[in-house]
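Undergrad: My structure is below; once you've seen it, I'll send some questions.
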Amino acid sequence: MKANEDKAVWNAWYPLGVPQEIRRRNMLRTWLLDNEIDLEIHRTWISVACGGRPLPVCERLGYIWTTLGEPDRLPQSLIEYYEVDRLAMNIWSTPLKCSGLRIVDNVIDNAHFPFVHPGILGDEEHLDLPPYVNEVDADGTLWSCSHQAWLPITNSVAEYTYRISDPYSVILFIHRPCVPGEVQRYDYLGIFAQPVTEEHFIAHKMFSWVREDWMEMRQLRSDQQWISVQDNYVLERHNPKKLPLGNGLEASVPVDSASMAYRDWLLSKDVRYGALHGGAS
Amino acid sequence: MNLVKKTTMWPVALEREVLPASLARAGFFGKELVVWRGDDDVIRVWEDHCPHRSVRLSAGRNLGDSIQCIYHGWRYGKDGTVIEIPALNHEARSDISVNVMSSAVAGGLVWVTKNGGNCTPDNVQAGNGAVLLRPLPINVDADAARAGLQDASDGQLFITPADENACTVFGYAMARGKESEIETARRCNAQLSRLRRRLEAGGTT
């Protein structure tokens, strides 16, 4: 299908990369929604164009964002990202061979932790996943709140909340331990897909964590990349590569309610790019 | 040579290559298949697709009595239905099933039918002196392969379409004179490989 016929996807913002990395690699070309995108690196800014048409550019959450359509707002914001006591970085921007919608579906799913990330994000002795709440707020953002899952690396139960404001992106809020009376703070992990085609995307993954003494940039980055590699093994083995919507091609059980809510939310926005409607392809 | 044309069943794997505790893959009319041997020594052929989140089952594990999907650990029993969902209190769900292909083993080959009909391979002529050839994938469609393999050596060949642009050739060769099995296989494999190169380069003869 043509991407510009899918309003929800066409009129959204997408990250193209981190400015420092674009400069270091002298990256002059990338792709977005089947279109070739040209980048021009200036002394103090980077401009973006598609077939000679200049595109809007915005720098946010460590990335350069652009859009091919006419969004009615700026790229999603996360004010807390900029708090001074945080450590924030791009984990990597890596190409993957499946629909970008698949990675969002993967991130909001905790039932795979014991099998894809054993001993890191889950284990088979702790399979219990208490119910959680999915809701769409007044801005049309989908929230899947207070998932509880066993986290072996801390030997305790962790709590996660997911925010989906665009079809191809998700931000994970990791609830930090807090005493009553204190303001609840979160560690953030953002996964933004830059759809190259319907079955191919670049995954931009960033985090912004409250800095602690033990934290070491290089180690944190390699740990996160390690987790992503485990997910990539599964992501690149989906068949079909697109995300089935509203056709009963994939069976679900109650613990998949976040995944089902995401699919319903995509359907309500009539998302078709990267999705598989109707029968099997 | 006997190039089998009209058929309702196709070979998808060599029986001897479907090993216990492992998973084999095959392409079949655009479908991906997973072929596995259970602890009861029975070979089963399923669509290579987990009905839960569409991950290839061949990326998972053959546990002997079941295949476990790599993604969420769902286990599919010998009849193809879900016998365990770990995140659902290890419950079984007999209403969820993989697509099980009708299959049979004959003449050292694993056969499947296209539309679920009874699989009883009756056109296999693996008699005395017949040597099973290794499967040969060719990157042309089945019709082109059939045309190109008209003049292949004596024996019997079966062409299984993998998808619209590729197929796999299975079959037997007949020993000539005092040839040993390995010599027959070597001669025919070399001949088929030559034909394959010619086909993939765009020629027909």
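Chain lettering (A, B, ...) mirrors the order of the structure tokens, residue numbering begins at 1 for each chain separately, and ligand numbering begins at 1 in order of display.
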Using only C-alpha atoms, determine which residues of chain B fall within 10 Å of chain A; present them as number ranges by chain.

TA: B: 31-32, 48-60, 69-74, 85-90, 93, 95-97

Undergrad: What residues in stretch 71-241 of chain A get the DSSP label strand (DSSP E)? Please answer as a ChimeraX atom specification.

TA: /A:86-96,133-136,142-151,156-164,169-175,186-197,200-210

Undergrad: Find the residues around A:Val210 up to 9 Å (only C-alpha atoms counted), leave out those fewer than 3 positions away in its own chain, and share them as a list in words.

TA: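 Listed by chain and then number, they are Glu83, Val84, Asp85, Arg86, Leu87, Ala88, Arg185, Tyr186, Asp187 and Tyr188 of chain A.
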
Undergrad: Can you spit out the residues from that selection as a CSV table (one decimal), in the first residue's frame, using all heavy atoms?

TA:
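This is the output file result.csv:
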chain,number,residue,atom,x,y,z
A,83,GLU,N,16.0,16.0,32.8
A,83,GLU,CA,16.3,16.2,34.2
A,83,GLU,C,17.8,16.0,34.4
A,83,GLU,O,18.4,15.1,33.9
A,83,GLU,CB,15.5,15.3,35.1
A,83,GLU,CG,14.1,15.6,35.2
A,83,GLU,CD,13.2,14.6,35.9
A,83,GLU,OE1,13.7,13.4,36.1
A,83,GLU,OE2,12.1,14.9,36.3
A,84,VAL,N,18.4,16.9,35.2
A,84,VAL,CA,19.9,17.0,35.3
A,84,VAL,C,20.5,15.8,36.0
A,84,VAL,O,21.7,15.5,35.7
A,84,VAL,CB,20.4,18.3,36.0
A,84,VAL,CG1,20.1,19.5,35.2
A,84,VAL,CG2,19.7,18.4,37.4
A,85,ASP,N,19.8,15.0,36.8
A,85,ASP,CA,20.4,13.9,37.5
A,85,ASP,C,20.2,12.6,36.7
A,85,ASP,O,20.3,11.5,37.2
A,85,ASP,CB,19.8,13.7,38.9
A,85,ASP,CG,18.3,13.4,38.9
A,85,ASP,OD1,17.7,13.7,37.8
A,85,ASP,OD2,17.8,13.0,39.9
A,86,ARG,N,20.0,12.7,35.4
A,86,ARG,CA,19.8,11.5,34.6
A,86,ARG,C,21.0,11.2,33.6
A,86,ARG,O,21.7,12.1,33.3
A,86,ARG,CB,18.5,11.7,33.7
A,86,ARG,CG,17.3,11.5,34.5
A,86,ARG,CD,16.0,11.6,33.6
A,86,ARG,NE,14.8,11.5,34.4
A,86,ARG,CZ,14.3,10.3,34.8
A,86,ARG,NH1,14.8,9.2,34.3
A,86,ARG,NH2,13.2,10.3,35.5
A,87,LEU,N,21.0,10.0,33.3
A,87,LEU,CA,22.0,9.5,32.3
A,87,LEU,C,21.2,9.1,31.1
A,87,LEU,O,20.3,8.2,31.2
A,87,LEU,CB,22.7,8.3,32.9
A,87,LEU,CG,23.9,7.7,32.1
A,87,LEU,CD1,25.0,8.7,32.0
A,87,LEU,CD2,24.4,6.4,32.8
A,88,ALA,N,21.4,9.8,30.0
A,88,ALA,CA,20.6,9.5,28.8
A,88,ALA,C,21.5,9.1,27.6
A,88,ALA,O,22.5,9.7,27.5
A,88,ALA,CB,19.7,10.6,28.5
A,185,ARG,N,9.1,8.5,40.7
A,185,ARG,CA,10.0,8.7,39.5
A,185,ARG,C,10.1,7.5,38.7
A,185,ARG,O,9.9,6.4,39.2
A,185,ARG,CB,11.4,9.2,39.9
A,185,ARG,CG,11.3,10.6,40.7
A,185,ARG,CD,12.7,11.1,40.8
A,185,ARG,NE,13.2,11.7,39.6
A,185,ARG,CZ,14.5,12.1,39.5
A,185,ARG,NH1,15.4,11.8,40.4
A,185,ARG,NH2,14.9,12.6,38.3
A,186,TYR,N,10.5,7.7,37.4
A,186,TYR,CA,10.6,6.5,36.5
A,186,TYR,C,12.0,6.6,35.8
A,186,TYR,O,12.5,7.6,35.6
A,186,TYR,CB,9.5,6.6,35.4
A,186,TYR,CG,8.1,6.7,36.0
A,186,TYR,CD1,7.5,7.9,36.2
A,186,TYR,CD2,7.4,5.5,36.3
A,186,TYR,CE1,6.2,8.0,36.7
A,186,TYR,CE2,6.1,5.6,36.8
A,186,TYR,CZ,5.5,6.8,37.0
A,186,TYR,OH,4.2,6.9,37.5
A,187,ASP,N,12.4,5.4,35.4
A,187,ASP,CA,13.5,5.3,34.4
A,187,ASP,C,12.8,5.1,33.1
A,187,ASP,O,11.8,4.3,33.0
A,187,ASP,CB,14.4,4.1,34.7
A,187,ASP,CG,15.3,4.4,36.0
A,187,ASP,OD1,15.6,5.6,36.2
A,187,ASP,OD2,15.5,3.5,36.7
A,188,TYR,N,13.3,5.7,32.0
A,188,TYR,CA,12.6,5.6,30.7
A,188,TYR,C,13.4,4.9,29.7
A,188,TYR,O,14.7,5.0,29.6
A,188,TYR,CB,12.3,7.0,30.2
A,188,TYR,CG,11.5,7.9,31.1
A,188,TYR,CD1,12.1,8.8,32.0
A,188,TYR,CD2,10.1,7.7,31.2
A,188,TYR,CE1,11.3,9.5,32.9
A,188,TYR,CE2,9.4,8.4,32.1
A,188,TYR,CZ,10.0,9.3,32.9
A,188,TYR,OH,9.2,10.0,33.8

Undergrad: I'd like to know which of B:Pro137, B:Gly177, B:Pro121, B:Pro20 is closest to B:Thr7, using only C-alpha atoms.

TA: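 Of all the options, B:Pro121 lies closest to B:Thr7.
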
Undergrad: Give the alpha helix (DSSP H) residues of stretch 73-182 of chain B, as DSSP finds them on the backbone, and put them as a list of chain:residue names.

TA: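 Taking stretch 73-182 of chain B and keeping alpha helix (DSSP H) gives B:Ala142, B:Asp143, B:Ala144, B:Ala145, B:Arg146, B:Ala147, B:Gly148, B:Glu181, B:Ile182.
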
Undergrad: Write the residues you've just listed into a file as a compact mmCIF listing (two decimals), in the first residue's frame, and include all heavy atoms for each of them.

TA:
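Saved file part.txt follows:
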# COMPACT_ATOMS: atom_id res chain seq x y z
N ALA B 142 8.59 -24.12 -10.63
CA ALA B 142 8.52 -25.57 -10.85
C ALA B 142 8.35 -25.91 -12.33
O ALA B 142 8.92 -26.89 -12.82
CB ALA B 142 7.38 -26.16 -10.02
N ASP B 143 7.59 -25.10 -13.08
CA ASP B 143 7.37 -25.40 -14.50
C ASP B 143 8.67 -25.29 -15.29
O ASP B 143 8.97 -26.13 -16.14
CB ASP B 143 6.32 -24.46 -15.09
CG ASP B 143 4.93 -24.78 -14.57
OD1 ASP B 143 4.73 -25.95 -14.16
OD2 ASP B 143 4.07 -23.88 -14.56
N ALA B 144 9.43 -24.23 -15.00
CA ALA B 144 10.71 -24.06 -15.69
C ALA B 144 11.64 -25.21 -15.34
O ALA B 144 12.35 -25.74 -16.20
CB ALA B 144 11.33 -22.72 -15.29
N ALA B 145 11.61 -25.62 -14.07
CA ALA B 145 12.48 -26.72 -13.65
C ALA B 145 12.08 -28.01 -14.37
O ALA B 145 12.93 -28.77 -14.84
CB ALA B 145 12.38 -26.90 -12.14
N ARG B 146 10.77 -28.22 -14.51
CA ARG B 146 10.28 -29.43 -15.17
C ARG B 146 10.78 -29.46 -16.63
O ARG B 146 11.25 -30.49 -17.11
CB ARG B 146 8.76 -29.44 -15.11
CG ARG B 146 8.14 -30.75 -15.49
CD ARG B 146 6.70 -30.84 -15.03
NE ARG B 146 6.61 -30.99 -13.58
CZ ARG B 146 5.93 -30.19 -12.79
NH1 ARG B 146 5.27 -29.17 -13.28
NH2 ARG B 146 5.89 -30.41 -11.50
N ALA B 147 10.66 -28.30 -17.30
CA ALA B 147 11.12 -28.23 -18.69
C ALA B 147 12.62 -28.49 -18.77
O ALA B 147 13.09 -29.24 -19.64
CB ALA B 147 10.79 -26.86 -19.27
N GLY B 148 13.37 -27.92 -17.83
CA GLY B 148 14.83 -28.02 -17.88
C GLY B 148 15.34 -29.40 -17.51
O GLY B 148 16.46 -29.77 -17.86
N GLU B 181 26.59 -47.35 -4.99
CA GLU B 181 25.57 -46.33 -4.68
C GLU B 181 26.14 -44.93 -4.72
O GLU B 181 25.56 -44.01 -5.26
CB GLU B 181 24.99 -46.60 -3.29
CG GLU B 181 23.84 -47.55 -3.31
CD GLU B 181 23.01 -47.48 -2.04
OE1 GLU B 181 23.10 -46.45 -1.33
OE2 GLU B 181 22.29 -48.43 -1.76
N ILE B 182 27.32 -44.81 -4.12
CA ILE B 182 27.90 -43.48 -4.01
C ILE B 182 28.28 -42.94 -5.38
O ILE B 182 28.14 -41.75 -5.66
CB ILE B 182 29.11 -43.50 -3.02
CG1 ILE B 182 29.54 -42.08 -2.65
CG2 ILE B 182 30.29 -44.24 -3.58
CD1 ILE B 182 28.66 -41.48 -1.61

Undergrad: Could you tell me how far atom CA of A:Arg221 sits from atom CA of A:Tyr162, in Å to one decimal place?

TA: 21.0 Å

Undergrad: With distances taken over only C-alpha atoms, which of A:Lys269, A:Arg211, A:Arg25, A:Arg176 is nearest to A:Gly140?

TA: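 Smallest separation from A:Gly140 among the options: A:Lys269.
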
Undergrad: Excluding B:Val110 and residues on its chain fewer than 6 positions from it, collect all residues at most 8 Å away from it, counting only C-alpha atoms, and give them as number ranges by chain.

TA: B: 11-15, 43, 103-104

Undergrad: Set the distance at 9 Å and use only C-alpha atoms: which residues neighbour stretch 2-12 of chain A once local chain neighbours fewer than 3 positions away are removed? I'd like the list as a list in words.

TA: Leu33, Asp34, Thr66, Thr67, Leu68, Gly69, Glu70, Pro71, Asp72, Arg73, Pro75, Asp166, Pro167, Tyr168, Thr197, Glu198, Leu266, Lys269, Asp270, Val271, Arg272 and Tyr273 of chain A

Undergrad: Would you please work out which residue, of B:Ala185, B:Gly38, B:Phe29, B:Asn118, is nearest to B:Pro161 when using only C-alpha atoms?

TA: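 Among the listed residues, the smallest separation from B:Pro161 belongs to B:Phe29.
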